[in-house]
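*Asks:* One structure follows; several queries about it will come next.
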Amino acid sequence: MVRAFYYRSTMFDIDLILDILAHEVETYAVPVVDLIAAQGRDPYQVLVATILSARTRDETTAGAAARLFKKAPDLPSLAVLTAEEIAKLIYPVGFYRNKAGYLARLPEALKGMGGSIPDVVEQLTTLPGVGRKTANLVVSVAFRKPAICVDTHVHRIMNVWGYVRTKTPFETEMALRQKLPEKHWLTVNSILVAFGQGTCKPVAPHCDRCVISTYCPRIGVTPRRVPGSRTAKDKERTMKLLCWNVNGIRAVEKKGFTELIKELDPDILAIQETKIQEEQLSAGLKNIAGYNSYWHCAQRKGYSGVAVYSRLPPLQVLYGLGEPDFDSEGRVLTLEFGDFFLVNCYFPNAGEELQRLGYKLDFNRALLAFLQKLAQKKSVVLCGDYNVAHQEIDLKNPKNNVKNAGFTPEERQWMDKFLAVGFVDTFRMFNREGGHYTWWSYRFQARAKDIGWRIDYFCVDKKSEGRVRSATILKDVMGSDHCPVQLDFV
Ligand code: SF4
């Protein structure tokens with residue numbers, strides 16, 4: 001291992017790589033904050049555009065920034081707008097209400113700093129809605145001072161290259177301050193954001209057309225399949241199945257759900273926690289081009305619910321388990337295809353005081369009986385949010401959670417039994433290590449610190465193990481407190 005790392009680190013010439021990429025990205029779309037900066041480098045506009053751009057697509061940010069700057073081209077004009085007025089102008093950027101609140105408070109917060117935007121990271125991070133990433137970007141783009149803005153692309157790609165070995169963007173920033181030559185500090189963000197959006201994408205990067213592919217060790221990367229690289233038989237048969245607890249379909253719709261589906265390109269997508277009634281679905285959600293969708297909603301509004309988008313026409317669709325107590329919560333949806341059943345399941349949560357543990361264990365028993373019946377006929381793929389981390393390696397802090405929902409002995413024992421009677425956790429067919437999670441609490445910056453749980457699974461019946469080609473976790477896909485998991489199945 002030591003030899004391999006030494007070999008890589010000496011061969012990886014960061015000056016050469018960033019030089020190649022600087023030329024490469026000249027033809028790519030320019031990150032939105034750079035576009036705004038290029039029109040004047042006004043610190044106020046750079047700061048505001050950067051706040052707007054968090055968790056928002058560049059096109060959406062650009063439109064919102066243009067509308068806002070027409071009304072409020074500077075701090076004094078921003079100060080006369082209410083949060084409500086700002087929210088209307090910047091909609092539909094992600095978290096637009098929160099951002100409108102930050103921007104409405106900005107002029108007041110700056111009064112203590114002489115009424116202008118500071119050029120120091122530590123001062124900037126005291127402003128509402130301004131984190132380290134935003135502060136570094138403002139300092140480097142607007143003031144042209146040495147600062148390294150580490151966003152998700154810089155953090156991810158630097159780790160893919162093995163140039164740093166870090167778990168969080170903050171650790172990456174600190175490591176780069178030590179290691180990256182200062183001449184790259186101002187430009188590395190723009191280069192890697194453009195490169196990360198155009199080629200080295202978080203999911204299925206285009207290694208096949210990458211100008212630095214011969215230098216890149218591709219640590220932790222599953223490259224995009226190159227058309228023609230599979231046999232005709234494989235192409236015909238391998239299916240890409242995705243499973244994702246979206247934690248509210250309307251919320252992810254605003255964050256670009258339909259565009260993401262086009263990008264991920266699954267044959268079947270199973271989602272959980274839709275939190276919607278079928279009659280509330282927008283046409284855009286119900287009718288994604290190329291897919292038919294099937295919905296099983298809870299009777300209680302805004303609660304639970306599962307759905308499946310499928311390119312393949314099912315032979316039949318089964319709603320629930322046939323037990324009213326469970327089916328009223330919209331937790332199970334089964335699509336029968338020619339040679340397999342796809343069962344999409346949102347397992348109950350045992351509850352903070354474990355008040356629903358009994359209900360969950362009853363549900364689990366009913367589900368297992370249902371699956372065993374199906375498995376007598378043909379292959380079964382059970383995907384979903386199981387709401388349980390099976391083993392200690394499946395969560396960051398096992399010792400602190402032994403009495404908590406999702407890691408109680410009772411829930412884990414059911415999972416033991418489920419696997420013992422003939423089902424297979426497909427992710428563990430390929431990976432026996434800890435540190436791979438699919439859910440992170442929204443609190444305490446758990447996702448940034450990677451304090452997570454692996455509770456979303458694809459399992460198959462034992463007889464179908466040979467049909468599994470790969471099982472992966474798409475941890476870089478944002479939009480929910482869960483990330484999707486993927487099964488390639490023939
Ligand atoms: S070879 Fe692949 S993983 Fe490496 S930088 Fe290029 S696109 Fe990214």
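All residue names refer to the structure tokens as shown: chains lettered A, B, ... in order, residues numbered from 1 in each chain, ligands numbered from 1 in order.
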Neighbours of ligand 1 at 10 Å or closer, counting only C-alpha atoms and all ligand atoms: which residues, as JSON, numbers by chain?
*Replies:* {"A": [17, 21, 156, 157, 158, 159, 160, 161, 192, 195, 196, 198, 199, 200, 201, 202, 203, 204, 205, 206, 207, 208, 209, 210, 211, 212, 213, 214, 215, 216, 217, 218, 219, 220, 221, 222, 223, 224]}
*Asks:* May I have the residues within 12 Å of Thr60 (chain A) as a count of residues only, using only C-alpha atoms and disregarding those fewer than 4 positions away in the same chain?
*Replies:* 21
*Asks:* I'd like the interatomic distance between CA of Asn397 (chain A) and CA of Arg412 (chain A), to a tenth of an Å.
*Replies:*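 Spanning CA of Asn397 (chain A) to CA of Arg412 (chain A) is a straight-line distance of 15.3 Å.
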*Asks:* From a DSSP calculation on the backbone, collect every residue of region 259-433 of chain A in strand (DSSP E) and output the set as a ChimeraX atom specification.
*Replies:* /A:268-272,292-296,306-310,316-319,332-336,340-346,379-385,423-425
*Asks:* Can you spit out the residues from that selection as a short mmCIF file (atom, residue, chain, number, x, y, z; two decimals), in the first residue's frame, using N, CA and C atoms?
*Replies:*
data_model
loop_
_atom_site.label_atom_id
_atom_site.label_comp_id
_atom_site.auth_asym_id
_atom_site.auth_seq_id
_atom_site.Cartn_x
_atom_site.Cartn_y
_atom_site.Cartn_z
N ILE A 268 -35.37 1.56 -13.86
CA ILE A 268 -36.44 1.61 -12.85
C ILE A 268 -35.95 2.47 -11.69
N LEU A 269 -36.81 3.36 -11.24
CA LEU A 269 -36.48 4.17 -10.06
C LEU A 269 -37.58 3.96 -9.02
N ALA A 270 -37.19 3.48 -7.84
CA ALA A 270 -38.15 3.29 -6.75
C ALA A 270 -37.89 4.37 -5.72
N ILE A 271 -38.94 5.10 -5.34
CA ILE A 271 -38.74 6.17 -4.35
C ILE A 271 -39.64 5.94 -3.14
N GLN A 272 -39.19 6.46 -2.01
CA GLN A 272 -39.95 6.33 -0.77
C GLN A 272 -40.13 7.72 -0.15
N ASN A 292 -43.34 5.13 -17.13
CA ASN A 292 -44.66 5.11 -16.52
C ASN A 292 -44.45 5.16 -15.01
N SER A 293 -45.35 5.82 -14.30
CA SER A 293 -45.17 5.90 -12.85
C SER A 293 -46.37 5.29 -12.13
N TYR A 294 -46.08 4.70 -10.96
CA TYR A 294 -47.08 4.01 -10.15
C TYR A 294 -46.94 4.51 -8.72
N TRP A 295 -48.05 4.83 -8.09
CA TRP A 295 -48.01 5.52 -6.79
C TRP A 295 -48.86 4.79 -5.77
N HIS A 296 -48.32 4.58 -4.60
CA HIS A 296 -49.11 4.05 -3.48
C HIS A 296 -48.94 5.03 -2.33
N VAL A 306 -44.98 5.56 -1.35
CA VAL A 306 -43.92 5.03 -2.23
C VAL A 306 -44.37 5.15 -3.68
N ALA A 307 -43.41 5.12 -4.60
CA ALA A 307 -43.73 5.19 -6.03
C ALA A 307 -42.63 4.53 -6.81
N VAL A 308 -42.96 4.12 -8.04
CA VAL A 308 -41.96 3.54 -8.93
C VAL A 308 -42.12 4.17 -10.31
N TYR A 309 -41.01 4.63 -10.88
CA TYR A 309 -40.95 5.02 -12.30
C TYR A 309 -40.30 3.86 -13.05
N SER A 310 -40.94 3.42 -14.11
CA SER A 310 -40.37 2.27 -14.83
C SER A 310 -40.44 2.47 -16.34
N GLN A 316 -48.12 -6.77 -13.82
CA GLN A 316 -49.15 -6.31 -12.89
C GLN A 316 -48.51 -5.49 -11.77
N VAL A 317 -49.35 -4.71 -11.09
CA VAL A 317 -48.87 -3.88 -9.98
C VAL A 317 -49.69 -4.24 -8.74
N LEU A 318 -48.99 -4.51 -7.64
CA LEU A 318 -49.67 -4.85 -6.39
C LEU A 318 -49.47 -3.72 -5.39
N TYR A 319 -50.56 -3.24 -4.82
CA TYR A 319 -50.49 -2.12 -3.88
C TYR A 319 -50.61 -2.65 -2.46
N VAL A 332 -45.76 -0.22 0.64
CA VAL A 332 -45.23 -1.28 -0.22
C VAL A 332 -45.88 -1.20 -1.60
N LEU A 333 -45.05 -1.27 -2.62
CA LEU A 333 -45.55 -1.25 -4.00
C LEU A 333 -44.74 -2.29 -4.78
N THR A 334 -45.45 -3.23 -5.41
CA THR A 334 -44.76 -4.33 -6.10
C THR A 334 -45.10 -4.31 -7.58
N LEU A 335 -44.06 -4.34 -8.40
CA LEU A 335 -44.26 -4.45 -9.85
C LEU A 335 -43.78 -5.83 -10.28
N GLU A 336 -44.65 -6.56 -10.97
CA GLU A 336 -44.25 -7.88 -11.46
C GLU A 336 -43.81 -7.75 -12.91
N PHE A 340 -38.97 -11.24 -12.78
CA PHE A 340 -38.70 -10.83 -11.39
C PHE A 340 -39.81 -9.93 -10.85
N PHE A 341 -39.86 -9.89 -9.52
CA PHE A 341 -40.72 -8.93 -8.83
C PHE A 341 -39.82 -7.82 -8.29
N LEU A 342 -40.24 -6.59 -8.47
CA LEU A 342 -39.54 -5.46 -7.83
C LEU A 342 -40.46 -5.01 -6.70
N VAL A 343 -40.01 -5.15 -5.46
CA VAL A 343 -40.81 -4.73 -4.31
C VAL A 343 -40.16 -3.48 -3.72
N ASN A 344 -40.90 -2.39 -3.75
CA ASN A 344 -40.40 -1.12 -3.22
C ASN A 344 -41.04 -0.89 -1.85
N CYS A 345 -40.22 -0.71 -0.84
CA CYS A 345 -40.76 -0.69 0.53
C CYS A 345 -40.19 0.45 1.36
N TYR A 346 -41.08 1.15 2.05
CA TYR A 346 -40.66 2.12 3.07
C TYR A 346 -41.02 1.53 4.42
N SER A 379 -37.69 -14.46 -9.33
CA SER A 379 -36.74 -13.63 -8.58
C SER A 379 -37.45 -12.48 -7.87
N VAL A 380 -36.90 -12.12 -6.69
CA VAL A 380 -37.44 -10.98 -5.95
C VAL A 380 -36.32 -9.98 -5.68
N VAL A 381 -36.58 -8.72 -6.01
CA VAL A 381 -35.67 -7.63 -5.64
C VAL A 381 -36.43 -6.75 -4.65
N LEU A 382 -35.93 -6.65 -3.43
CA LEU A 382 -36.57 -5.80 -2.42
C LEU A 382 -35.68 -4.58 -2.20
N CYS A 383 -36.21 -3.41 -2.56
CA CYS A 383 -35.41 -2.20 -2.34
C CYS A 383 -36.20 -1.25 -1.46
N GLY A 384 -35.47 -0.35 -0.82
CA GLY A 384 -36.18 0.66 -0.05
C GLY A 384 -35.37 1.17 1.12
N ASP A 385 -36.06 2.01 1.89
CA ASP A 385 -35.52 2.50 3.15
C ASP A 385 -35.96 1.50 4.21
N PHE A 423 -32.23 -14.18 1.83
CA PHE A 423 -32.08 -12.95 1.05
C PHE A 423 -30.65 -12.42 1.20
N VAL A 424 -30.22 -11.63 0.23
CA VAL A 424 -28.81 -11.21 0.17
C VAL A 424 -28.75 -9.70 0.10
N ASP A 425 -27.93 -9.11 0.97
CA ASP A 425 -27.68 -7.66 0.95
C ASP A 425 -26.66 -7.41 -0.16
#
*Asks:* Which of these, A:Pro324, A:Ala389, A:Ile191, A:Ala471, has the shortest distance to Ala22 (chain A) once you count only C-alpha atoms?
*Replies:*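 That would be A:Ile191, the residue with the smallest distance to Ala22 (chain A).
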*Asks:* Just want the 8 Å neighbourhood of region 360-376 of chain A, counted on only C-alpha atoms, with same-chain residues fewer than 3 positions away dropped. Output as a list of chain:residue names.
*Replies:*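 My reading of the contact set: A:Leu321, A:Phe326, A:Phe341, A:Phe347, A:Pro348, A:Asn349, A:Ala350, A:Arg356, A:Leu357, A:Ser379, A:Val380, A:Glu410, A:Glu411, A:Trp414, A:Phe418, A:Asp461.
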*Asks:* Go through A:Gln280, A:Ala289, A:Leu18, A:Ile451 one by one, measure the shortest atom-to-atom distance of each to His184 (chain A) using only C-alpha atoms, and give the residue with the smallest value.
*Replies:*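 Ranking A:Gln280, A:Ala289, A:Leu18, A:Ile451 by distance to His184 (chain A), first place goes to A:Leu18.
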*Asks:* Please, what distance in Å, to one decimal, runs between CA of Tyr291 (chain A) and CA of Met478 (chain A)?
*Replies:*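 According to the coordinates, CA of Tyr291 (chain A) and CA of Met478 (chain A) are separated by 22.1 Å.
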*Asks:* Kindly indicate which residue among A:Val485, A:Val388, A:Leu354, A:Met415 lies nearest to Leu242 (chain A), using only C-alpha atoms for the distances.
*Replies:*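 Smallest distance to Leu242 (chain A) is found for A:Val485.
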*Asks:* Between A:Ser77, A:Lys301, A:Pro266, A:Ile473, which one has atoms that come closest to Glu279 (chain A), using only C-alpha atoms?
*Replies:* A:Lys301
*Asks:* Calculated over only C-alpha atoms, which of the candidates A:Lys463, A:His482, A:His436, A:Arg57 has the smallest distance to Leu260 (chain A)?
*Replies:*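 Looking only at the distances to Leu260 (chain A), the closest residue turns out to be A:Arg57.
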*Asks:* A:Ile86, A:Val402, A:Ala104, A:Leu47: which is nearest Ser116 (chain A), counting only C-alpha atoms?
*Replies:*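 Among the listed residues, A:Leu47 lies closest to Ser116 (chain A).
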*Asks:* Quick one: residues within 9 Å of region 133-145 of chain A, only C-alpha atoms counted, chain neighbours fewer than 2 positions away excluded, as number ranges by chain?
*Replies:* A: 33-34, 37, 40-47, 50-51, 54, 118-125, 129-131, 147-151, 169-170, 185-187, 189
